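Peer 1: Take a look at this one; I'll ask things after.
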Amino acid sequence: MLSEEDCSSIDIQSLSQQSDYQLVYFYDHDSFHHYCILYEVSQSTGLGTFVVNLAGTIPVSIGIPHPIYDSNTELQGAGVFKKSGAQTLLISGIIRNACNQTSECQSGYYVTDPAHNINNGFFEVVMMLKEYYEQNNLPLLHLQLHGMSEASCSDIDVLLSSGLKIKPDNNSFLSKFTSQLRTQVDSLDDPWFIFLYQDDTLHDSCDLYGTSNTEGRGLNGVDSSLVCSTSSSFISHSFIHAEQKYFIRQNRSYDLFWANALKYSYSSVYCLPIRDNVGGSCLVVDSSSLINFSQFLFLFIFFIFFIFL
């Protein structure tokens with residue numbers, strides 16, 4: 001069984017005398033999951049929190065770029081992470097409008113917005129995850145949770161996209177995830193209206209598809225040095241941009257809907273043994289190749305070196 005010594009085996013203080021981070025081990029008695037948590041102590045740099053589920057079953061990263069500002073997404077992200085078996089959780093440590101200086105990356109946003117800049121820990125860690133999973137021949141999925149106002153997108157409750165205005169293939173992960181999420185909420189008295197771009201004109205006034213999102217562009221194949229100004233041209237199936245109304249992200253019982261949709265859609269696409277009777281065609285992924293604890297130690301070191309060196 002993993003222990004506290006496993007996480008503390010990385011001496012982060014020796015990496016930099018300016019270290020303001022702590023790496024701790026946490027065992028959740030409810031879920032029986034083991035976690036390593038890297039977090040900022042004084043919150044002086046705003047680089048955020050990075051959590052690894054040492055028994056994670058699906059190569060999914062949950063990303064929360066706008067905590068507080070997109071209210072309750074930080075709580076929702078933690079809930080979905082815990083209940084889905086995703087391997088990593090990344091929460092930005094700064095509010096997107098903390099500094100009113102205009103971004104040099106994308107002029108329509110603040111310099112402190114991690115979803116529209118590249119000189120921040122959030123973007124760098126997502127790109128590190130992408131490279132790390134590719135090296136291990138595993139399909140990474142980064143689910144980024146956002147919040148939209150009640151006035152946005154008229155009657156749409158959840159708007160899902162790949163970061164592009166392109167209709168996804170019916171067998172793609174995004175299409176299957178959308179279908180699974182709709183199935184999860186069908187039992188509600190008032191099911192959510194979940195919208196996925198389908199090349200129609202019904203909701204042309206809604207433009208929250210994450211097309212300028214820097215992490216989305218990077219995951220969709222744009223070189224990291226070009227994501228500020230270059231749009232993606234194809235879907236990599238590594239990025240899901242989710243906009244949602246407040247009533248969804250404030251209700252913790254709804255976290256399970258997102259978690260189940262992740263688990264079931266991932267198993268149906270990649271044949272991971274997450275549930276029985278998956279059925280249909282899928283891409284075979286050897287579950288024994290899921291990144292293990294010793295490999296995650298290296299990922300932590302990469303993250304720490306970016307912060308401190």
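Ligands are numbered from 1 in the order shown, chains are lettered A, B, ... in the order of the structure tokens, and residues start at 1 in each chain.
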Just asking: which residues within segment 116-152 of chain A are helix (DSSP H, G or I) according to DSSP, as an MDAnalysis selection string?

Peer 2: chainID A and resid 121:135

Peer 1: With N, CA, C and O atoms kept, could you save the residues just selected as a PDB file, in the first residue's frame?

Peer 2:
```pdb
ATOM      1  N   GLY A 121       1.993  28.698 -15.120  1.00  0.00           N
ATOM      2  CA  GLY A 121       2.159  27.285 -14.792  1.00  0.00           C
ATOM      3  C   GLY A 121       1.050  26.408 -15.327  1.00  0.00           C
ATOM      4  O   GLY A 121       1.284  25.253 -15.691  1.00  0.00           O
ATOM      5  N   PHE A 122      -0.171  26.929 -15.406  1.00  0.00           N
ATOM      6  CA  PHE A 122      -1.314  26.136 -15.860  1.00  0.00           C
ATOM      7  C   PHE A 122      -1.087  25.635 -17.284  1.00  0.00           C
ATOM      8  O   PHE A 122      -1.213  24.435 -17.564  1.00  0.00           O
ATOM      9  N   PHE A 123      -0.764  26.546 -18.191  1.00  0.00           N
ATOM     10  CA  PHE A 123      -0.535  26.160 -19.587  1.00  0.00           C
ATOM     11  C   PHE A 123       0.631  25.187 -19.702  1.00  0.00           C
ATOM     12  O   PHE A 123       0.553  24.178 -20.415  1.00  0.00           O
ATOM     13  N   GLU A 124       1.719  25.475 -18.997  1.00  0.00           N
ATOM     14  CA  GLU A 124       2.908  24.634 -19.098  1.00  0.00           C
ATOM     15  C   GLU A 124       2.634  23.213 -18.617  1.00  0.00           C
ATOM     16  O   GLU A 124       3.095  22.245 -19.220  1.00  0.00           O
ATOM     17  N   VAL A 125       1.873  23.081 -17.535  1.00  0.00           N
ATOM     18  CA  VAL A 125       1.602  21.742 -17.009  1.00  0.00           C
ATOM     19  C   VAL A 125       0.721  20.947 -17.964  1.00  0.00           C
ATOM     20  O   VAL A 125       0.939  19.749 -18.181  1.00  0.00           O
ATOM     21  N   VAL A 126      -0.280  21.591 -18.572  1.00  0.00           N
ATOM     22  CA  VAL A 126      -1.118  20.887 -19.546  1.00  0.00           C
ATOM     23  C   VAL A 126      -0.273  20.391 -20.717  1.00  0.00           C
ATOM     24  O   VAL A 126      -0.429  19.258 -21.185  1.00  0.00           O
ATOM     25  N   MET A 127       0.654  21.218 -21.187  1.00  0.00           N
ATOM     26  CA  MET A 127       1.521  20.798 -22.288  1.00  0.00           C
ATOM     27  C   MET A 127       2.474  19.686 -21.847  1.00  0.00           C
ATOM     28  O   MET A 127       2.796  18.776 -22.625  1.00  0.00           O
ATOM     29  N   MET A 128       2.933  19.734 -20.588  1.00  0.00           N
ATOM     30  CA  MET A 128       3.772  18.660 -20.062  1.00  0.00           C
ATOM     31  C   MET A 128       2.991  17.350 -19.998  1.00  0.00           C
ATOM     32  O   MET A 128       3.505  16.281 -20.336  1.00  0.00           O
ATOM     33  N   LEU A 129       1.740  17.434 -19.560  1.00  0.00           N
ATOM     34  CA  LEU A 129       0.899  16.239 -19.510  1.00  0.00           C
ATOM     35  C   LEU A 129       0.720  15.652 -20.907  1.00  0.00           C
ATOM     36  O   LEU A 129       0.804  14.432 -21.097  1.00  0.00           O
ATOM     37  N   LYS A 130       0.458  16.513 -21.880  1.00  0.00           N
ATOM     38  CA  LYS A 130       0.295  16.060 -23.260  1.00  0.00           C
ATOM     39  C   LYS A 130       1.529  15.291 -23.723  1.00  0.00           C
ATOM     40  O   LYS A 130       1.428  14.172 -24.245  1.00  0.00           O
ATOM     41  N   GLU A 131       2.692  15.877 -23.520  1.00  0.00           N
ATOM     42  CA  GLU A 131       3.933  15.231 -23.951  1.00  0.00           C
ATOM     43  C   GLU A 131       4.180  13.938 -23.190  1.00  0.00           C
ATOM     44  O   GLU A 131       4.592  12.925 -23.769  1.00  0.00           O
ATOM     45  N   TYR A 132       3.891  13.957 -21.900  1.00  0.00           N
ATOM     46  CA  TYR A 132       4.162  12.789 -21.062  1.00  0.00           C
ATOM     47  C   TYR A 132       3.289  11.599 -21.453  1.00  0.00           C
ATOM     48  O   TYR A 132       3.764  10.468 -21.566  1.00  0.00           O
ATOM     49  N   TYR A 133       2.008  11.854 -21.690  1.00  0.00           N
ATOM     50  CA  TYR A 133       1.116  10.763 -22.077  1.00  0.00           C
ATOM     51  C   TYR A 133       1.449  10.258 -23.477  1.00  0.00           C
ATOM     52  O   TYR A 133       1.366   9.057 -23.750  1.00  0.00           O
ATOM     53  N   GLU A 134       1.810  11.159 -24.372  1.00  0.00           N
ATOM     54  CA  GLU A 134       2.197  10.731 -25.719  1.00  0.00           C
ATOM     55  C   GLU A 134       3.414   9.817 -25.665  1.00  0.00           C
ATOM     56  O   GLU A 134       3.487   8.821 -26.391  1.00  0.00           O
ATOM     57  N   GLN A 135       4.372  10.145 -24.806  1.00  0.00           N
ATOM     58  CA  GLN A 135       5.564   9.313 -24.673  1.00  0.00           C
ATOM     59  C   GLN A 135       5.228   7.927 -24.141  1.00  0.00           C
ATOM     60  O   GLN A 135       5.953   6.964 -24.390  1.00  0.00           O
TER      61      GLN A 135
END
```

Peer 1: Fewer than 5 positions away in the same chain doesn't count, so skip those; otherwise give me all residues within 12 Å of Gly85 of chain A, counting only C-alpha atoms, as a ChimeraX atom specification.

Peer 2: /A:31-35,52-62,78-80,256,258-264,266-267,274

Peer 1: What's around Tyr21 of chain A at 8 Å? Count only C-alpha atoms, leave out sequence neighbours fewer than 3 positions away in its own chain, and write the answer as a list in words.

Peer 2: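 Neighbouring residues, sequence-local ones excluded: Ile12, Leu38, Tyr39, Glu40 and Val41 of chain A.
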
Peer 1: Can those selected residues be exported to a file as a compact mmCIF listing (two decimals), in the first residue's frame so that it contains all heavy atoms?

Peer 2:
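After the write, result_30.txt holds the following:
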```
# COMPACT_ATOMS: atom_id res chain seq x y z
N ILE A 12 11.37 18.70 -2.42
CA ILE A 12 11.18 19.90 -3.23
C ILE A 12 11.98 21.07 -2.68
O ILE A 12 12.33 21.99 -3.41
CB ILE A 12 9.68 20.28 -3.33
CG1 ILE A 12 9.10 20.64 -1.97
CG2 ILE A 12 8.90 19.17 -3.97
CD1 ILE A 12 7.68 21.16 -2.06
N LEU A 38 0.39 18.70 -4.63
CA LEU A 38 1.41 19.74 -4.66
C LEU A 38 0.68 21.08 -4.62
O LEU A 38 -0.09 21.40 -5.53
CB LEU A 38 2.24 19.62 -5.94
CG LEU A 38 3.47 20.53 -6.06
CD1 LEU A 38 4.50 20.20 -5.00
CD2 LEU A 38 4.08 20.39 -7.45
N TYR A 39 0.90 21.86 -3.56
CA TYR A 39 0.14 23.10 -3.42
C TYR A 39 1.03 24.22 -2.91
O TYR A 39 2.04 24.00 -2.24
CB TYR A 39 -1.06 22.91 -2.50
CG TYR A 39 -0.70 22.71 -1.04
CD1 TYR A 39 -0.75 23.77 -0.13
CD2 TYR A 39 -0.34 21.45 -0.55
CE1 TYR A 39 -0.43 23.59 1.20
CE2 TYR A 39 -0.02 21.26 0.78
CZ TYR A 39 -0.06 22.33 1.65
OH TYR A 39 0.26 22.15 2.97
N GLU A 40 0.62 25.43 -3.24
CA GLU A 40 1.36 26.62 -2.84
C GLU A 40 0.97 27.01 -1.42
O GLU A 40 -0.22 27.08 -1.09
CB GLU A 40 1.05 27.76 -3.81
CG GLU A 40 1.93 28.97 -3.67
CD GLU A 40 1.64 30.00 -4.74
OE1 GLU A 40 0.66 29.83 -5.49
OE2 GLU A 40 2.40 30.97 -4.82
N VAL A 41 1.96 27.28 -0.58
CA VAL A 41 1.70 27.55 0.83
C VAL A 41 1.18 28.97 1.04
O VAL A 41 0.14 29.18 1.67
CB VAL A 41 2.97 27.32 1.67
CG1 VAL A 41 2.71 27.67 3.13
CG2 VAL A 41 3.44 25.88 1.54
```

Peer 1: So which bits of segment 117-184 of chain A end up strand (DSSP E or B) when you DSSP the backbone, as a list in words?

Peer 2: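 The strand (DSSP E or B) subset of segment 117-184 of chain A is Leu141, His142, Leu143, Gln144, Leu145, Val158, Leu159, Leu160 and Ser161 of chain A.
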
Peer 1: Each residue of segment 64-148 of chain A lying at most 12 Å from segment 157-175 of chain A should get a row with its shortest atom-to-atom pair and the distance in Å to one decimal, counting only C-alpha atoms; could you produce that, ordered by chain and increasing number, as CSV?

Peer 2:
```
residue,atom,partner,partner_atom,distance
A:Ala115,CA,A:Gly163,CA,11.6
A:Pro139,CA,A:Phe173,CA,10.7
A:Leu140,CA,A:Phe173,CA,11.3
A:Leu141,CA,A:Phe173,CA,9.1
A:His142,CA,A:Ser162,CA,10.1
A:Leu143,CA,A:Ser162,CA,9.6
A:Gln144,CA,A:Leu160,CA,10.1
A:Leu145,CA,A:Leu160,CA,9.9
A:His146,CA,A:Leu159,CA,9.8
A:Gly147,CA,A:Val158,CA,9.2
A:Met148,CA,A:Val158,CA,9.0
```

Peer 1: Using only C-alpha atoms, please write the residues we just selected to a file, as a compact mmCIF listing (two decimals), in the first residue's frame.

Peer 2:
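File part.txt, as written:
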```txt
# COMPACT_ATOMS: atom_id res chain seq x y z
CA ALA A 115 -6.81 30.00 -20.56
CA PRO A 139 -4.55 9.06 -25.16
CA LEU A 140 -4.79 11.99 -22.73
CA LEU A 141 -8.07 13.84 -22.36
CA HIS A 142 -8.13 17.28 -20.73
CA LEU A 143 -11.63 18.27 -19.55
CA GLN A 144 -11.71 22.00 -18.83
CA LEU A 145 -14.68 23.20 -16.78
CA HIS A 146 -15.95 26.77 -17.21
CA GLY A 147 -18.97 28.76 -16.10
CA MET A 148 -21.22 30.97 -18.21
```
